[in-house]
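Shown below: query25.tsv, with TSV, C-alpha atoms.
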```
chain	number	residue	atom	x	y	z
A	1	MET	CA	90.31	80.59	74.95
A	2	PRO	CA	91.65	79.24	78.25
A	3	SER	CA	89.56	80.20	81.25
A	4	VAL	CA	89.24	79.72	85.00
A	5	THR	CA	86.01	79.78	86.98
A	6	ILE	CA	86.19	80.39	90.73
A	7	ASN	CA	83.39	79.70	93.17
A	8	SER	CA	84.07	81.91	96.16
A	9	PRO	CA	82.66	81.30	99.64
A	10	ASP	CA	81.81	85.02	99.77
A	11	LEU	CA	82.58	86.96	96.61
A	12	HIS	CA	81.31	90.24	98.08
A	13	LYS	CA	83.73	89.97	101.01
A	14	GLU	CA	86.73	88.41	99.23
A	15	GLY	CA	86.50	89.99	95.80
A	16	PRO	CA	87.54	88.22	92.60
A	17	VAL	CA	90.83	86.77	93.90
A	18	LEU	CA	92.92	84.23	92.02
A	19	GLU	CA	95.98	82.21	92.89
A	20	VAL	CA	98.61	83.05	90.27
A	21	HIS	CA	102.22	82.18	89.56
A	22	PHE	CA	104.70	84.93	88.73
A	23	LEU	CA	107.76	83.98	86.71
A	24	ILE	CA	110.53	85.60	84.73
A	25	PRO	CA	109.65	86.21	81.06
A	26	LEU	CA	109.82	83.25	78.70
A	27	GLU	CA	112.57	84.87	76.63
A	28	LEU	CA	114.71	85.43	79.72
A	29	GLU	CA	114.10	81.87	80.92
A	30	LYS	CA	115.27	80.58	77.53
A	31	LYS	CA	118.38	82.75	77.76
A	32	TYR	CA	119.15	81.52	81.30
A	33	LYS	CA	118.86	77.90	80.18
A	34	GLU	CA	121.17	78.53	77.20
A	35	GLU	CA	123.69	80.14	79.55
A	36	GLY	CA	123.35	77.41	82.17
A	37	LYS	CA	122.04	79.87	84.76
A	38	GLU	CA	119.57	78.92	87.47
A	39	VAL	CA	115.98	79.89	86.67
A	40	PRO	CA	114.23	81.48	89.69
A	41	VAL	CA	111.35	79.42	91.03
A	42	PRO	CA	107.86	80.82	90.46
A	43	VAL	CA	106.37	83.06	93.14
A	44	ILE	CA	102.85	81.88	93.98
A	45	VAL	CA	100.51	84.51	95.40
A	46	LYS	CA	96.95	85.79	95.38
A	47	ALA	CA	95.94	88.51	92.94
A	48	LEU	CA	92.75	90.55	92.83
A	49	ILE	CA	91.05	91.34	89.54
A	50	ASP	CA	90.64	95.12	89.83
A	51	THR	CA	88.78	96.87	87.02
A	52	GLY	CA	89.60	100.18	88.75
A	53	ALA	CA	93.30	99.60	88.10
A	54	SER	CA	94.60	100.86	84.75
A	55	ASN	CA	97.67	98.62	85.03
A	56	CYS	CA	98.73	95.35	86.62
A	57	VAL	CA	100.55	95.72	89.92
A	58	VAL	CA	102.66	93.33	92.00
A	59	LYS	CA	104.16	93.74	95.44
A	60	LYS	CA	107.63	95.07	94.75
A	61	GLU	CA	109.13	92.13	96.64
A	62	ILE	CA	108.03	89.78	93.85
A	63	PRO	CA	110.33	91.09	91.10
A	64	GLU	CA	113.02	91.28	93.79
A	65	GLN	CA	112.51	87.57	94.57
A	66	LEU	CA	112.72	86.80	90.86
A	67	LYS	CA	115.83	89.02	90.70
A	68	LEU	CA	114.31	90.96	87.82
A	69	GLU	CA	115.57	94.35	86.68
A	70	PRO	CA	113.12	97.11	85.71
A	71	THR	CA	112.21	97.91	82.12
A	72	GLY	CA	110.36	101.13	82.78
A	73	ILE	CA	109.22	103.83	85.15
A	74	ILE	CA	105.58	104.89	85.35
A	75	LYS	CA	103.82	107.62	87.29
A	76	ILE	CA	100.73	106.49	89.18
A	77	ASN	CA	97.80	108.25	90.83
A	78	THR	CA	96.03	106.64	93.80
A	79	PRO	CA	93.36	108.00	96.16
A	80	SER	CA	96.15	109.02	98.55
A	81	SER	CA	98.93	110.14	96.22
A	82	LYS	CA	99.53	111.79	92.88
A	83	GLU	CA	102.13	111.15	90.16
A	84	HIS	CA	104.31	108.88	92.22
A	85	GLU	CA	107.00	107.06	90.24
A	86	CYS	CA	107.23	103.28	90.34
A	87	TYR	CA	109.36	100.80	88.44
A	88	GLN	CA	107.78	98.51	85.87
A	89	TYR	CA	108.94	94.95	85.29
A	90	PHE	CA	108.27	92.66	82.33
A	91	MET	CA	106.97	89.47	83.92
A	92	ARG	CA	104.99	86.34	83.20
A	93	MET	CA	101.81	85.44	85.08
A	94	LEU	CA	100.36	81.94	84.91
A	95	ILE	CA	97.39	80.04	86.20
A	96	PRO	CA	98.91	76.71	85.24
A	97	ALA	CA	96.02	74.39	86.09
A	98	HIS	CA	93.82	76.24	83.59
A	99	GLY	CA	96.39	77.06	80.90
A	100	LEU	CA	96.11	80.80	81.42
A	101	THR	CA	99.23	82.77	80.61
A	102	TYR	CA	100.02	86.47	80.27
A	103	GLN	CA	103.27	88.32	79.75
A	104	GLY	CA	103.49	92.07	80.13
A	105	PRO	CA	104.56	95.01	82.29
A	106	PHE	CA	103.76	94.91	86.00
A	107	ILE	CA	104.19	97.91	88.29
A	108	GLY	CA	106.10	97.17	91.49
A	109	ALA	CA	104.34	98.89	94.40
A	110	PRO	CA	103.46	98.33	98.07
A	111	LEU	CA	100.08	96.57	98.26
A	112	ASP	CA	97.92	96.78	101.34
A	113	GLY	CA	95.14	94.68	102.77
A	114	GLN	CA	93.21	91.55	101.81
A	115	GLU	CA	96.35	89.38	101.77
A	116	ILE	CA	96.82	89.98	98.06
A	117	SER	CA	100.12	90.47	96.32
A	118	GLY	CA	98.93	91.51	92.89
A	119	LEU	CA	96.29	93.46	91.02
A	120	VAL	CA	95.03	92.32	87.62
A	121	GLY	CA	94.42	95.61	85.85
A	122	ARG	CA	92.81	96.74	82.63
A	123	ASP	CA	96.01	96.34	80.59
A	124	LEU	CA	95.62	92.57	81.07
A	125	LEU	CA	91.81	92.68	80.97
A	126	LYS	CA	91.90	94.21	77.47
A	127	HIS	CA	92.95	90.73	76.32
A	128	SER	CA	90.29	89.01	78.43
A	129	ILE	CA	86.67	88.25	79.15
A	130	LEU	CA	85.59	88.67	82.78
A	131	ILE	CA	82.23	87.37	83.94
A	132	TYR	CA	81.20	88.25	87.48
A	133	ILE	CA	78.03	86.57	88.80
A	134	GLY	CA	77.63	88.11	92.23
A	135	TYR	CA	74.53	86.23	93.37
A	136	MET	CA	76.25	82.93	92.61
A	137	ASN	CA	79.55	83.97	94.24
A	138	GLN	CA	81.24	83.01	90.99
A	139	PHE	CA	83.52	84.67	88.46
A	140	THR	CA	85.22	83.52	85.27
A	141	LEU	CA	88.34	84.94	83.67
A	142	SER	CA	89.39	84.01	80.15
A	143	ILE	CA	92.61	85.29	78.61
A	144	ALA	CA	93.11	85.22	74.84
B	1	MET	CA	122.53	108.16	94.56
B	2	GLU	CA	121.48	107.50	90.96
B	3	LYS	CA	118.33	105.43	90.65
B	4	LYS	CA	118.00	102.67	88.08
B	5	LEU	CA	117.04	103.97	84.62
B	6	ASP	CA	117.94	107.60	85.50
B	7	THR	CA	120.39	107.72	82.58
B	8	GLU	CA	117.91	106.16	80.18
B	9	ILE	CA	115.15	108.57	81.20
B	10	LYS	CA	117.55	111.50	80.70
B	11	ILE	CA	118.44	110.26	77.20
B	12	TYR	CA	114.74	109.88	76.39
B	13	GLU	CA	113.94	113.43	77.50
B	14	GLU	CA	116.90	114.86	75.56
B	15	ASN	CA	115.76	113.10	72.38
B	16	LYS	CA	112.02	113.27	72.89
B	17	GLN	CA	111.22	115.97	70.34
B	18	ASN	CA	113.15	114.19	67.58
B	19	LEU	CA	111.58	110.87	68.52
B	20	LEU	CA	108.11	112.44	68.39
B	21	LYS	CA	108.78	113.70	64.87
B	22	SER	CA	109.95	110.35	63.54
B	23	ASP	CA	108.33	107.68	65.72
B	24	ARG	CA	105.39	109.10	67.68
B	25	GLY	CA	103.42	106.32	69.31
B	26	LYS	CA	106.12	103.69	68.89
B	27	PHE	CA	108.21	102.20	71.69
B	28	VAL	CA	111.84	103.22	72.13
B	29	LEU	CA	114.45	100.93	73.66
B	30	ILE	CA	117.25	102.72	75.52
B	31	LYS	CA	120.20	101.21	77.36
B	32	GLY	CA	122.58	103.54	79.15
B	33	ASN	CA	123.34	106.43	76.81
B	34	LEU	CA	122.30	104.54	73.67
B	35	ILE	CA	119.00	104.59	71.82
B	36	ILE	CA	118.90	101.02	70.51
B	37	GLY	CA	115.85	101.39	68.29
B	38	THR	CA	112.14	102.00	68.02
B	39	TYR	CA	109.53	99.28	67.73
B	40	ASP	CA	105.83	98.99	66.93
B	41	THR	CA	104.88	97.24	70.17
B	42	TYR	CA	106.03	97.16	73.78
B	43	ASP	CA	106.56	93.41	73.56
B	44	ASP	CA	108.79	93.73	70.47
B	45	ALA	CA	110.99	96.28	72.24
B	46	VAL	CA	111.30	94.29	75.47
B	47	LYS	CA	112.16	91.10	73.62
B	48	VAL	CA	114.97	92.85	71.77
B	49	GLY	CA	116.15	94.24	75.10
B	50	ILE	CA	116.19	90.81	76.73
B	51	ASP	CA	117.97	89.31	73.74
B	52	LYS	CA	120.68	91.98	73.76
B	53	PHE	CA	121.06	92.67	77.47
B	54	GLY	CA	119.55	89.73	79.35
B	55	ASN	CA	118.46	90.64	82.86
B	56	LYS	CA	120.01	94.10	83.01
B	57	PRO	CA	117.98	97.29	83.44
B	58	PHE	CA	116.92	98.87	80.17
B	59	LEU	CA	114.14	101.30	79.33
B	60	VAL	CA	111.19	100.65	77.05
B	61	LYS	CA	109.01	103.73	76.71
B	62	GLN	CA	106.16	104.72	74.44
B	63	ILE	CA	106.97	107.92	72.56
B	64	LEU	CA	104.15	110.28	73.44
B	65	GLU	CA	103.77	114.04	73.82
B	66	VAL	CA	101.98	113.59	77.14
B	67	GLU	CA	102.90	110.86	79.63
B	68	ILE	CA	100.21	108.30	80.41
B	69	THR	CA	99.71	108.02	84.16
B	70	GLY	CA	98.49	104.82	85.81
B	71	ASN	CA	95.26	105.31	87.77
B	72	PHE	CA	94.11	103.24	90.71
B	73	THR	CA	90.73	103.98	92.24
B	74	SER	CA	90.96	101.67	95.26
B	75	ASN	CA	93.11	102.18	98.31
B	76	LEU	CA	94.91	98.86	97.86
B	77	ILE	CA	98.17	100.52	96.97
B	78	ALA	CA	99.60	101.55	100.31
B	79	CYS	CA	100.80	105.02	101.17
B	80	LEU	CA	103.79	105.76	99.00
B	81	PRO	CA	106.84	107.44	100.50
```
Kindly return the structure encoded in the file as structure tokens.
Amino acid sequence: MPSVTINSPDLHKEGPVLEVHFLIPLELEKKYKEEGKEVPVPVIVKALIDTGASNCVVKKEIPEQLKLEPTGIIKINTPSSKEHECYQYFMRMLIPAHGLTYQGPFIGAPLDGQEISGLVGRDLLKHSILIYIGYMNQFTLSIA
Amino acid sequence: MEKKLDTEIKIYEENKQNLLKSDRGKFVLIKGNLIIGTYDTYDDAVKVGIDKFGNKPFLVKQILEVEITGNFTSNLIACLP
């Protein structure tokens, strides 16, 4: 199972943050290549592993940069709002240096604070093992 | 102004009771006014959608009596309009 281990300077302050690449889905990339269309370049951002998030989230500008169209609408509850509708996009997330790859729905929403552009939620984590060693400022994420 | 997937959501709601009888728990693929099919997994439905429609909006929705809402316990998602 591919995995990545991050040693953070201050895991308590920073949280379990990863650099990830967002791309269009593999099937769409294949279709673009067959049709001779330009494949959008990956968007490289920081994402926070958030076990309090039921779903993966990306800043809504990311699917816009990838020129992706939505494949769903989902209602979300946050501490400050209830049953707000957001678009979902089928996207690919990679950590290329470690061979980690995940394809699935990502909610497009405004993200605030900590210079992150994505949340890794429990829909991705259900395919994963997450080890968080606070006193060592280290965490490991493996994706099946 | 019509939002993306408004038509597809409307078609889903109009057909929801019939879909629940025949395909509860499965994932329906809808494009415009057409129900394309139902599939066992989300991934299966999306892949059919991409194959047929490329990068055009289409709806993949799990057929459930009660909608599942996404829950976020931190304040990282900014105030929504």
From the set A:Ile129, A:Leu68, A:Leu119, A:Ala97, which residue has the shortest atom-to-atom contact distance to Ala144 (chain A), counting all atoms listed in the file?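 The closest residue to Ala144 (chain A) is A:Ile129.
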Expected answer as JSON, numbers by chain: chain A residues within 6 Å of chain B, all atoms listed in the file: {"A": [52, 53, 54, 69, 70, 71, 72, 75, 76, 77, 78, 110, 111, 112]}
Can you list, as a short mmCIF file (atom, residue, chain, number, x, y, z; two decimals) with C-alpha atoms, keeping the file's coordinate frame, every protein, DNA or RNA residue that comes within 8 Å of region 6-14 of chain A when you count all atoms listed in the file, leaving out same-chain residues fewer than 4 positions away?
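So the final result, stored in result.cif, reads:
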```
data_model
loop_
_atom_site.label_atom_id
_atom_site.label_comp_id
_atom_site.auth_asym_id
_atom_site.auth_seq_id
_atom_site.Cartn_x
_atom_site.Cartn_y
_atom_site.Cartn_z
CA LEU A 18 92.92 84.23 92.02
CA GLN A 114 93.21 91.55 101.81
CA GLY A 134 77.63 88.11 92.23
CA MET A 136 76.25 82.93 92.61
CA ASN A 137 79.55 83.97 94.24
CA GLN A 138 81.24 83.01 90.99
CA PHE A 139 83.52 84.67 88.46
CA THR A 140 85.22 83.52 85.27
#
```
I'd like the contact shell of region 99-108 of chain A - 7 Å cut-off, all atoms listed in the file, skipping same-chain residues fewer than 2 positions apart - returned as a list in words.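 Once the nearby chain positions are removed, what remains is Pro2, Ser3, Pro25, Cys56, Val57, Val58, Lys59, Lys60, Cys86, Tyr87, Gln88, Tyr89, Phe90, Met91, Arg92, Met93, Leu94, Ile95, Pro96, Ala97 and Ile143 of chain A.
A straight line drawn from CA of Lys26 (chain B) to CA of Tyr12 (chain B) is 13.0 Å long.
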Using CA of Ile73 (chain A) and CA of Lys31 (chain A) as the two end points, give the distance in Å to one decimal.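 Spanning CA of Ile73 (chain A) to CA of Lys31 (chain A) is a straight-line distance of 24.1 Å.
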Shell of 12 Å around Leu19 (chain B), all atoms listed in the file, local chain residues under 3 positions omitted, as a PyMOL selection string: chain B and resi 11-16+22-29+35+37-39+61-65
Just want the 7 Å neighbourhood of Val4 (chain A), counted on only C-alpha atoms, with same-chain residues fewer than 5 positions away dropped. Output as a list in words. His98, Thr140, Leu141 and Ser142 of chain A
Two-atom distance - CA of Thr41 (chain B), CA of Gln17 (chain B) (Å):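 Rounded to one decimal, the two atoms are 19.8 Å apart.
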